[in-house]
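Take a look at the structure below.
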Amino acid sequence: MKRKAFLAAFPHTLPIFAGFWFLGLAYGILMHSAGFSFWYPMFMSMTIFGGSLEFIAVRLLLSPFAPLQTLVVSLLVQARHLFYGIAMLDRFRGMGWKKPYLIFGMCDETFSINYTADIPPDVDRGWFMVFVTLLNQFYWVSGATLGGLAGGLLQFNTKGLSFVMTAMFAVIFQEQLKKEKQKTTAAVGLGCSLVCLLLFGPDSFMIPTMVSILAVLLLLRNKLEKEGI
Amino acid sequence: MTDMPFDQQVITIALCALGTMLTRFLPFLLFSGKKATPPFIQYLGKALPCAVFAMLVVYCLKDVKLLSGSHGIPEALGLAVTLALRQWKGQMLLSIAGGTVLYMVLVQTVFG
């Protein structure tokens, strides 16, 4: 049962292997150049397991100690995970001991795969999602650790490799769009993100985006429920 | 190298982990009990994902400058090839790899 679930999960994680190794290496190298031993990226990638915040954490560690600010920044940067939890409430039901780990490891990429993948009916859903989560975390931690160990030794032209994440999210979006009968929610997401990006700029548009998506979707609730969302 | 004492480093890292875990666990702590999930949360569970995937795509592209540099041309071509390959061949990995390789070639040569 586990073997079958692993074999079904593994191909889904390959783009993430490429992306996480690249980003994880970059993160480890950044930590190395800031004077931290490899234990830091290794331990931080294991416990925080959320890419963008870990890059910010490097800056927090180099600045004066500010615990409250650290917590507030973490909550703001990671707020989008609230949406993933809401979407996964039913799917994680009855997962027993697997559930806390599935929630702990639910980064953007893991959520995207676990939400959209067509899991074959003869594959155990719980184990499939556990393996997706575990493999992704393994890629991230190993990449970050290697980056911390090898530091500046790595010299190959990886410019543009991080596009693998963009391409993956685009394909997942396209996939989801095909599955949904209505296209309104996609339009809401796209519209709110673009308007907020224009208004607030690339560094602070995510929170306004999330608030506006939430507001617009709640306003459209009656209409969308009539359309049988 | 950081001037921060070790104990403060540990607290800083722990707070980052705590903030992350709060956002991941909160919905389950609030709505996973014996009581049924409120209808508007059930509705959001169905309405949010597609909007969120759109948001993630925009998030990945947030630093693209349309008015300067390469004007977002490599990103546009990379995405077009990715999505076209997906439509045509139906292979997720192939389309992601194809789009990414094209993008890398573009930013390393033509737009390098």
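Note on naming: chains are A, B, ... as they come in the structure tokens, residues start from 1 per chain, ligands start from 1 in the order shown.
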Checklist entry - Given a cut-off of 6 Å, which residues of chain A touch chain B, counting only C-alpha atoms, written out as a ChimeraX atom specification? => result /A:34-35,47-48,62,71,74-75,78-79,81-82,85-87,160,163-164,166-170,173,185-186,189-190,193,202
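All residues of protein, DNA or RNA that reach within 7 Å of stretch 114-123 of chain A, judged by only C-alpha atoms and not counting those fewer than 3 positions away in the chain, are Lys4, Ala5, Thr110, Phe111, Met129 and Gln176 of chain A.
You will find atom CA of A:Phe92 at 20.8 Å from atom CA of A:Arg3.
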Checklist entry - Which residues come within 12 Å of A:Thr133, counting only C-alpha atoms, excluding same-chain residues fewer than 4 positions away, as a PyMOL selection string? => result chain A and resi 6+9-10+12-13+16-17+49+98-115+126-129+137-140
Next on the checklist: Quick check, in Å to one decimal: how far apart do atom CA of A:Ser45 and atom CA of A:Leu30 lie?
Outcome noted: 13.1 Å
Item to check | alpha helix (DSSP H) per DSSP on the backbone: members of chain B, as a ChimeraX atom specification | outcome: /B:6-31,39-60,73-89,92-105
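Relative to atom CA of A:Pro41, atom CA of A:Gly148 is found at 6.4 Å.
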Checklist entry - Between A:Asp203, A:Val188, A:Gln182, A:Gln69, which is the closest to A:Lys226 once you count only C-alpha atoms? => result A:Gln182
